[in-house]
Amino acid sequence: MKLHVKYDTLVLYRALIREKLDKLGYPYSLEGQGQLYFNQYLSNAQLNEVNDVLKPYGIQVLDDPQMMFAQKVREFIVELVHQPELMENNKFSDVLARKLNHSYSYISKIFSDVNFMSIEQFIILQKIERVKHLLSGGTLTLTEIAWQLNYSSVQHLSNQFRKTTGITPSSFQKIVKERRKHVETRKIDA
Amino acid sequence: MDTVSILLADDDEDDRLLFEEALQKVRHSIKSKMVNNGAQLMDYLHSLGKGELPHLLFLDLNMPLKSGLECLTEIRAHPCLRELTVAIYSTSSSSEDIENTYIKGANVYINKPSDFNQLVKILSDVITINWQYQRSELNKENFVLSIE
């Protein structure tokens, strides 16, 4: 017996994407013919994961090379901020240029085009986040943190913290402590 | 993909208008929604499905029916709303008010500026930093920013 079937590739594509991506659990939406929007920013590793589940069906994820490059720069900066010893006392601009094999002006141009802030602002933001993390841990003093993150002095760190967050390191520490207490008592009340 | 959704809760009509105008001058692509008081705000938030929460809530402190502080407390106590970034948008600049909102879980404290260009700059800064928090998976618990 020979029968004919009629099918709609778009319906097939959508059903397949849903089945595969729902399993991964990154919130997304399907738009238009071949556009896939993720509600959060996916790291390179997560993007590979998406690629891997779709590849067996002949679906390939295309992405913007500028975005990918900017993402690489972001990930590298975060790594350097977490492991300052990798810098070997060099400047960020030199380490980035050497490691990414492009001039610093090129890197910084692409970065700010995609990220709405300059590379310098991003580095400061990441460093201050690291300081906050260490401060909220409560085991290191501000002086020790300044030393660990290669600040020239504790005053420099303190000023940068104030300028970036609008509050002083000590009031930040107080806020985090009080906030935790507040959350704890709320849990007990509930 | 990078559209930022913003919600403002403010009972002052002029402030809402100015805010909306300032948003149009920000570099990011924005989707905005305004509500007029605290009760309306909570109704609206509860009506949203999973994944539909705005990226950023700007919250006035002095509102009728339900104050900004009451809303903030409810938001932080609610499992579905807890992750929302809350920026207090207030005329008060008393350090006691500021500290109190942080302790109750506010991320950002903005003292309403009188100058329009300054408002644009502030909104742009807050939106950019919040966007970085989302993209870099930074710890939201440590998101504390004060703008005066």
# chains A, B, ... in the order shown; residues from 1 in each chain; ligands from 1

$ interface_residues --of "chain B" --to "chain A" --cutoff "7 Å" --atoms "only C-alpha atoms" --output "MDAnalysis selection string"
chainID B and resid 1 102:105 128 135 142 144:147

$ residues_around --residues "Ala9 (chain B)" --least-positions-apart "4" --cutoff "12 Å" --atoms "only C-alpha atoms" --output "CSV table (one decimal) with C-alpha atoms, in the first residue's frame"
chain,number,residue,atom,x,y,z
B,13,GLU,CA,1.6,61.3,37.0
B,15,ASP,CA,7.0,61.6,37.4
B,16,ARG,CA,5.7,58.7,35.4
B,17,LEU,CA,5.6,60.9,32.2
B,19,PHE,CA,10.4,58.6,33.5
B,20,GLU,CA,8.8,57.3,30.3
B,32,SER,CA,8.1,49.6,29.8
B,33,LYS,CA,4.9,49.4,31.9
B,34,MET,CA,3.6,51.8,34.5
B,35,VAL,CA,1.4,51.2,37.5
B,36,ASN,CA,-0.1,53.9,39.7
B,37,ASN,CA,0.1,52.5,43.2
B,38,GLY,CA,1.3,49.7,45.4
B,39,ALA,CA,-1.9,47.6,45.3
B,40,GLN,CA,-2.0,47.8,41.5
B,41,LEU,CA,1.7,46.8,41.4
B,42,MET,CA,1.2,43.6,43.4
B,43,ASP,CA,-1.9,42.7,41.4
B,44,TYR,CA,0.1,43.1,38.2
B,45,LEU,CA,3.1,41.1,39.4
B,56,LEU,CA,13.8,45.8,36.7
B,57,LEU,CA,11.2,47.4,39.0
B,58,PHE,CA,11.5,51.1,39.9
B,59,LEU,CA,9.5,51.6,43.1
B,60,ASP,CA,8.4,54.8,44.6
B,61,LEU,CA,8.3,54.7,48.4
B,62,ASN,CA,5.3,56.9,49.2
B,63,MET,CA,2.3,55.5,47.4
B,64,PRO,CA,-1.4,55.3,48.5
B,66,LYS,CA,0.2,50.1,49.7
B,67,SER,CA,3.6,51.8,50.4
B,68,GLY,CA,6.7,50.9,48.4
B,69,LEU,CA,8.3,49.4,51.5
B,71,CYS,CA,5.5,46.0,48.4
B,72,LEU,CA,9.3,45.4,48.7
B,86,VAL,CA,14.2,46.4,42.8
B,87,ALA,CA,15.3,50.0,42.4
B,88,ILE,CA,13.9,52.4,45.0
B,89,TYR,CA,12.9,55.6,43.3
B,90,SER,CA,12.3,58.2,46.0

$ atom_distance --atom1 "CA of Gln155 (chain A)" --atom2 "CA of Pro84 (chain A)"
19.2 Å

$ select_by_dssp --residues "region 30-98 of chain A" --states "strand (DSSP E)" --output "CSV table (one decimal) with N, CA and C atoms, in the first residue's frame"
chain,number,residue,atom,x,y,z
A,30,LEU,N,10.4,30.9,20.4
A,30,LEU,CA,10.6,30.7,19.0
A,30,LEU,C,9.9,31.9,18.3
A,31,GLU,N,10.7,32.5,17.4
A,31,GLU,CA,10.1,33.6,16.6
A,31,GLU,C,10.5,33.5,15.2
A,35,GLN,N,14.4,31.9,14.1
A,35,GLN,CA,15.0,32.7,15.1
A,35,GLN,C,14.6,32.2,16.5
A,36,LEU,N,15.6,32.1,17.3
A,36,LEU,CA,15.5,31.5,18.6
A,36,LEU,C,16.0,32.5,19.6
A,37,TYR,N,15.1,32.9,20.5
A,37,TYR,CA,15.5,33.9,21.5
A,37,TYR,C,15.6,33.2,22.9
A,38,PHE,N,16.8,33.4,23.5
A,38,PHE,CA,16.9,33.0,24.9
A,38,PHE,C,16.7,34.1,25.8

$ select_by_dssp --residues "region 1-189 of chain A" --states "helix (DSSP H, G or I)" --output "ChimeraX atom specification"
/A:9-24,44-57,65-82,84-87,92-100,104-115,119-137,142-148,154-165,169-189

$ write_last_selection --atoms "C-alpha atoms" --output "short mmCIF file (atom, residue, chain, number, x, y, z; two decimals), in the first residue's frame"
data_model
loop_
_atom_site.label_atom_id
_atom_site.label_comp_id
_atom_site.auth_asym_id
_atom_site.auth_seq_id
_atom_site.Cartn_x
_atom_site.Cartn_y
_atom_site.Cartn_z
CA THR A 9 8.48 21.58 7.99
CA LEU A 10 7.89 24.59 10.22
CA VAL A 11 5.60 22.57 12.48
CA LEU A 12 8.16 19.78 12.55
CA TYR A 13 10.96 22.20 13.35
CA ARG A 14 9.01 23.86 16.16
CA ALA A 15 7.93 20.59 17.73
CA LEU A 16 11.48 19.28 17.62
CA ILE A 17 13.02 22.43 19.06
CA ARG A 18 10.46 22.40 21.88
CA GLU A 19 11.08 18.79 22.70
CA LYS A 20 14.86 19.21 22.79
CA LEU A 21 15.14 22.63 24.41
CA ASP A 22 12.52 22.09 27.11
CA LYS A 23 14.75 19.33 28.40
CA LEU A 24 17.75 21.66 28.66
CA ASN A 44 29.81 29.45 25.26
CA ALA A 45 29.52 26.12 27.05
CA GLN A 46 25.72 26.41 27.23
CA LEU A 47 25.56 27.38 23.57
CA ASN A 48 27.57 24.28 22.71
CA GLU A 49 25.10 22.21 24.68
CA VAL A 50 22.24 23.64 22.57
CA ASN A 51 24.23 22.96 19.44
CA ASP A 52 24.92 19.38 20.47
CA VAL A 53 21.28 18.39 20.99
CA LEU A 54 20.22 19.92 17.67
CA LYS A 55 23.09 18.79 15.48
CA PRO A 56 21.80 15.19 14.95
CA TYR A 57 18.72 16.71 13.25
CA PRO A 65 31.00 36.41 15.68
CA GLN A 66 31.27 39.83 17.34
CA MET A 67 29.04 38.69 20.17
CA MET A 68 31.08 35.52 20.53
CA PHE A 69 34.31 37.46 20.68
CA ALA A 70 32.91 39.91 23.22
CA GLN A 71 31.72 36.96 25.30
CA LYS A 72 35.19 35.46 25.21
CA VAL A 73 36.63 38.74 26.44
CA ARG A 74 34.08 38.85 29.26
CA GLU A 75 34.87 35.32 30.37
CA PHE A 76 38.58 35.99 30.27
CA ILE A 77 38.28 39.16 32.35
CA VAL A 78 36.21 37.33 34.97
CA GLU A 79 38.87 34.62 35.11
CA LEU A 80 41.63 37.19 35.58
CA VAL A 81 39.72 38.96 38.33
CA HIS A 82 39.26 35.67 40.18
CA PRO A 84 44.94 37.82 39.74
CA GLU A 85 48.14 35.74 39.82
CA LEU A 86 47.51 34.91 36.13
CA MET A 87 48.29 38.56 35.38
CA PHE A 92 44.93 44.16 31.94
CA SER A 93 45.33 45.74 28.51
CA ASP A 94 48.61 43.88 27.88
CA VAL A 95 47.36 40.52 29.13
CA LEU A 96 44.16 40.75 27.07
CA ALA A 97 45.98 41.78 23.90
CA ARG A 98 48.54 39.00 24.23
CA LYS A 99 46.10 36.27 25.17
CA LEU A 100 43.42 37.15 22.60
CA TYR A 104 43.85 46.32 22.74
CA SER A 105 42.09 49.07 20.78
CA TYR A 106 40.34 46.45 18.62
CA ILE A 107 39.31 44.41 21.66
CA SER A 108 38.04 47.42 23.49
CA LYS A 109 36.06 48.71 20.50
CA ILE A 110 34.23 45.40 19.95
CA PHE A 111 33.66 45.05 23.66
CA SER A 112 31.99 48.41 24.18
CA ASP A 113 29.90 48.05 21.00
CA VAL A 114 28.29 44.92 22.39
CA ASN A 115 28.28 45.55 26.13
CA ILE A 119 36.13 47.40 29.02
CA GLU A 120 37.64 49.48 31.86
CA GLN A 121 34.21 49.97 33.46
CA PHE A 122 33.54 46.26 33.15
CA ILE A 123 36.85 45.34 34.80
CA ILE A 124 36.13 47.71 37.69
CA LEU A 125 32.61 46.31 38.04
CA GLN A 126 33.93 42.76 38.16
CA LYS A 127 36.68 43.65 40.61
CA ILE A 128 34.24 45.40 42.93
CA GLU A 129 31.92 42.37 42.73
CA ARG A 130 34.85 40.24 43.79
CA VAL A 131 35.57 42.62 46.67
CA LYS A 132 31.91 42.40 47.74
CA HIS A 133 32.06 38.64 47.64
CA LEU A 134 35.19 38.56 49.79
CA LEU A 135 33.82 41.21 52.16
CA SER A 136 30.56 39.37 52.69
CA GLY A 137 32.50 36.23 53.53
CA LEU A 142 39.75 45.33 53.41
CA THR A 143 43.54 45.70 53.49
CA GLU A 144 44.03 42.02 52.78
CA ILE A 145 41.50 42.18 49.94
CA ALA A 146 43.24 45.22 48.41
CA TRP A 147 46.52 43.35 48.50
CA GLN A 148 45.03 40.18 47.03
CA VAL A 154 43.48 50.26 50.52
CA GLN A 155 42.46 53.91 49.97
CA HIS A 156 42.37 53.32 46.24
CA LEU A 157 40.12 50.30 46.69
CA SER A 158 37.90 52.12 49.14
CA ASN A 159 37.47 55.07 46.75
CA GLN A 160 36.73 52.83 43.80
CA PHE A 161 34.18 50.90 45.84
CA ARG A 162 32.48 54.11 46.89
CA LYS A 163 32.47 55.46 43.35
CA THR A 164 31.08 52.24 41.85
CA THR A 165 28.41 51.36 44.39
CA PRO A 169 32.76 49.11 52.07
CA SER A 170 31.84 49.20 55.76
CA SER A 171 28.20 50.12 55.12
CA PHE A 172 28.05 47.41 52.47
CA GLN A 173 29.24 44.88 55.04
CA LYS A 174 26.65 46.13 57.52
CA ILE A 175 23.83 45.97 54.96
CA VAL A 176 24.65 42.40 53.94
CA LYS A 177 24.82 41.31 57.58
CA GLU A 178 21.51 42.98 58.51
CA ARG A 179 19.86 41.67 55.36
CA ARG A 180 20.80 38.11 56.22
CA LYS A 181 19.49 38.56 59.75
CA HIS A 182 16.28 40.00 58.30
CA VAL A 183 15.86 37.00 55.99
CA GLU A 184 16.56 34.59 58.84
CA THR A 185 13.95 36.11 61.16
CA ARG A 186 11.43 36.11 58.33
CA LYS A 187 12.04 32.43 57.78
CA ILE A 188 11.48 31.75 61.49
CA ASP A 189 8.27 33.82 61.46
#

$ atom_distance --atom1 "CA of Ile122 (chain B)" --atom2 "CA of Ile110 (chain B)"
8.1 Å

$ atom_distance --atom1 "CA of Leu8 (chain B)" --atom2 "CA of Tyr26 (chain A)"
27.2 Å

$ residues_around --residues "Gln118 (chain B)" --least-positions-apart "5" --cutoff "12 Å" --atoms "only C-alpha atoms" --output "ChimeraX atom specification"
/B:18-19,22-23,25-26,110-113,123-125,147-148

$ decode --residues "region 24-115 of chain B" --atoms "C-alpha atoms" --output "PDB file, in the first residue's frame"
ATOM      1  CA  GLN B  24      13.314  56.667  25.326  1.00  0.00           C
ATOM      2  CA  LYS B  25      16.702  58.343  25.464  1.00  0.00           C
ATOM      3  CA  VAL B  26      18.465  55.276  26.861  1.00  0.00           C
ATOM      4  CA  ARG B  27      20.603  53.240  24.444  1.00  0.00           C
ATOM      5  CA  HIS B  28      19.074  49.880  25.305  1.00  0.00           C
ATOM      6  CA  SER B  29      15.937  48.674  23.644  1.00  0.00           C
ATOM      7  CA  ILE B  30      13.237  48.998  26.294  1.00  0.00           C
ATOM      8  CA  LYS B  31       9.761  47.684  26.942  1.00  0.00           C
ATOM      9  CA  SER B  32       8.078  49.576  29.761  1.00  0.00           C
ATOM     10  CA  LYS B  33       4.932  49.388  31.858  1.00  0.00           C
ATOM     11  CA  MET B  34       3.626  51.814  34.469  1.00  0.00           C
ATOM     12  CA  VAL B  35       1.364  51.240  37.467  1.00  0.00           C
ATOM     13  CA  ASN B  36      -0.097  53.927  39.738  1.00  0.00           C
ATOM     14  CA  ASN B  37       0.090  52.493  43.227  1.00  0.00           C
ATOM     15  CA  GLY B  38       1.311  49.655  45.391  1.00  0.00           C
ATOM     16  CA  ALA B  39      -1.884  47.596  45.258  1.00  0.00           C
ATOM     17  CA  GLN B  40      -1.950  47.782  41.474  1.00  0.00           C
ATOM     18  CA  LEU B  41       1.710  46.808  41.417  1.00  0.00           C
ATOM     19  CA  MET B  42       1.200  43.644  43.432  1.00  0.00           C
ATOM     20  CA  ASP B  43      -1.888  42.667  41.401  1.00  0.00           C
ATOM     21  CA  TYR B  44       0.072  43.126  38.220  1.00  0.00           C
ATOM     22  CA  LEU B  45       3.102  41.140  39.426  1.00  0.00           C
ATOM     23  CA  HIS B  46       0.909  38.263  40.577  1.00  0.00           C
ATOM     24  CA  SER B  47      -0.857  38.190  37.202  1.00  0.00           C
ATOM     25  CA  LEU B  48       2.425  37.502  35.379  1.00  0.00           C
ATOM     26  CA  GLY B  49       3.439  34.009  34.372  1.00  0.00           C
ATOM     27  CA  LYS B  50       6.787  32.404  34.951  1.00  0.00           C
ATOM     28  CA  GLY B  51       9.495  34.071  32.886  1.00  0.00           C
ATOM     29  CA  GLU B  52       7.388  37.188  32.347  1.00  0.00           C
ATOM     30  CA  LEU B  53       8.721  39.191  35.275  1.00  0.00           C
ATOM     31  CA  PRO B  54      10.265  42.529  34.340  1.00  0.00           C
ATOM     32  CA  HIS B  55      14.047  42.806  34.489  1.00  0.00           C
ATOM     33  CA  LEU B  56      13.832  45.828  36.703  1.00  0.00           C
ATOM     34  CA  LEU B  57      11.238  47.363  38.996  1.00  0.00           C
ATOM     35  CA  PHE B  58      11.459  51.054  39.886  1.00  0.00           C
ATOM     36  CA  LEU B  59       9.534  51.561  43.079  1.00  0.00           C
ATOM     37  CA  ASP B  60       8.385  54.817  44.635  1.00  0.00           C
ATOM     38  CA  LEU B  61       8.258  54.685  48.448  1.00  0.00           C
ATOM     39  CA  ASN B  62       5.291  56.949  49.175  1.00  0.00           C
ATOM     40  CA  MET B  63       2.256  55.545  47.423  1.00  0.00           C
ATOM     41  CA  PRO B  64      -1.387  55.270  48.464  1.00  0.00           C
ATOM     42  CA  LEU B  65      -3.069  51.924  49.294  1.00  0.00           C
ATOM     43  CA  LYS B  66       0.213  50.117  49.738  1.00  0.00           C
ATOM     44  CA  SER B  67       3.583  51.767  50.366  1.00  0.00           C
ATOM     45  CA  GLY B  68       6.722  50.928  48.433  1.00  0.00           C
ATOM     46  CA  LEU B  69       8.261  49.414  51.539  1.00  0.00           C
ATOM     47  CA  GLU B  70       5.295  47.076  52.033  1.00  0.00           C
ATOM     48  CA  CYS B  71       5.534  46.027  48.386  1.00  0.00           C
ATOM     49  CA  LEU B  72       9.269  45.406  48.733  1.00  0.00           C
ATOM     50  CA  THR B  73       8.724  43.212  51.795  1.00  0.00           C
ATOM     51  CA  GLU B  74       6.042  41.204  49.991  1.00  0.00           C
ATOM     52  CA  ILE B  75       8.200  40.810  46.907  1.00  0.00           C
ATOM     53  CA  ARG B  76      11.168  39.493  48.850  1.00  0.00           C
ATOM     54  CA  ALA B  77       8.975  37.077  50.799  1.00  0.00           C
ATOM     55  CA  HIS B  78       7.354  35.617  47.682  1.00  0.00           C
ATOM     56  CA  PRO B  79       9.179  32.677  46.053  1.00  0.00           C
ATOM     57  CA  CYS B  80       8.228  33.687  42.484  1.00  0.00           C
ATOM     58  CA  LEU B  81       9.025  37.377  42.861  1.00  0.00           C
ATOM     59  CA  ARG B  82      12.100  37.165  45.057  1.00  0.00           C
ATOM     60  CA  GLU B  83      14.605  37.372  42.191  1.00  0.00           C
ATOM     61  CA  LEU B  84      13.241  40.660  40.865  1.00  0.00           C
ATOM     62  CA  THR B  85      15.717  43.547  40.807  1.00  0.00           C
ATOM     63  CA  VAL B  86      14.196  46.372  42.807  1.00  0.00           C
ATOM     64  CA  ALA B  87      15.335  49.961  42.434  1.00  0.00           C
ATOM     65  CA  ILE B  88      13.858  52.363  44.962  1.00  0.00           C
ATOM     66  CA  TYR B  89      12.943  55.622  43.275  1.00  0.00           C
ATOM     67  CA  SER B  90      12.270  58.167  45.951  1.00  0.00           C
ATOM     68  CA  THR B  91      12.458  61.813  46.944  1.00  0.00           C
ATOM     69  CA  SER B  92      13.761  60.934  50.381  1.00  0.00           C
ATOM     70  CA  SER B  93      17.493  61.100  50.885  1.00  0.00           C
ATOM     71  CA  SER B  94      17.563  60.290  54.587  1.00  0.00           C
ATOM     72  CA  SER B  95      20.293  57.757  55.224  1.00  0.00           C
ATOM     73  CA  GLU B  96      17.967  55.908  57.581  1.00  0.00           C
ATOM     74  CA  ASP B  97      15.409  55.378  54.781  1.00  0.00           C
ATOM     75  CA  ILE B  98      18.141  54.276  52.415  1.00  0.00           C
ATOM     76  CA  GLU B  99      19.661  51.742  54.795  1.00  0.00           C
ATOM     77  CA  ASN B 100      16.262  50.401  55.765  1.00  0.00           C
ATOM     78  CA  THR B 101      15.289  49.677  52.142  1.00  0.00           C
ATOM     79  CA  TYR B 102      18.589  47.888  51.521  1.00  0.00           C
ATOM     80  CA  ILE B 103      18.080  45.707  54.558  1.00  0.00           C
ATOM     81  CA  LYS B 104      14.574  44.879  53.345  1.00  0.00           C
ATOM     82  CA  GLY B 105      16.106  43.758  50.050  1.00  0.00           C
ATOM     83  CA  ALA B 106      16.318  46.736  47.671  1.00  0.00           C
ATOM     84  CA  ASN B 107      19.143  46.545  45.135  1.00  0.00           C
ATOM     85  CA  VAL B 108      19.346  50.142  44.060  1.00  0.00           C
ATOM     86  CA  TYR B 109      18.443  53.410  45.733  1.00  0.00           C
ATOM     87  CA  ILE B 110      17.840  56.405  43.492  1.00  0.00           C
ATOM     88  CA  ASN B 111      17.186  59.827  44.822  1.00  0.00           C
ATOM     89  CA  LYS B 112      14.805  61.315  42.223  1.00  0.00           C
ATOM     90  CA  PRO B 113      16.826  63.901  40.333  1.00  0.00           C
ATOM     91  CA  SER B 114      15.352  67.278  39.395  1.00  0.00           C
ATOM     92  CA  ASP B 115      17.297  67.449  36.140  1.00  0.00           C
TER      93      ASP B 115
END
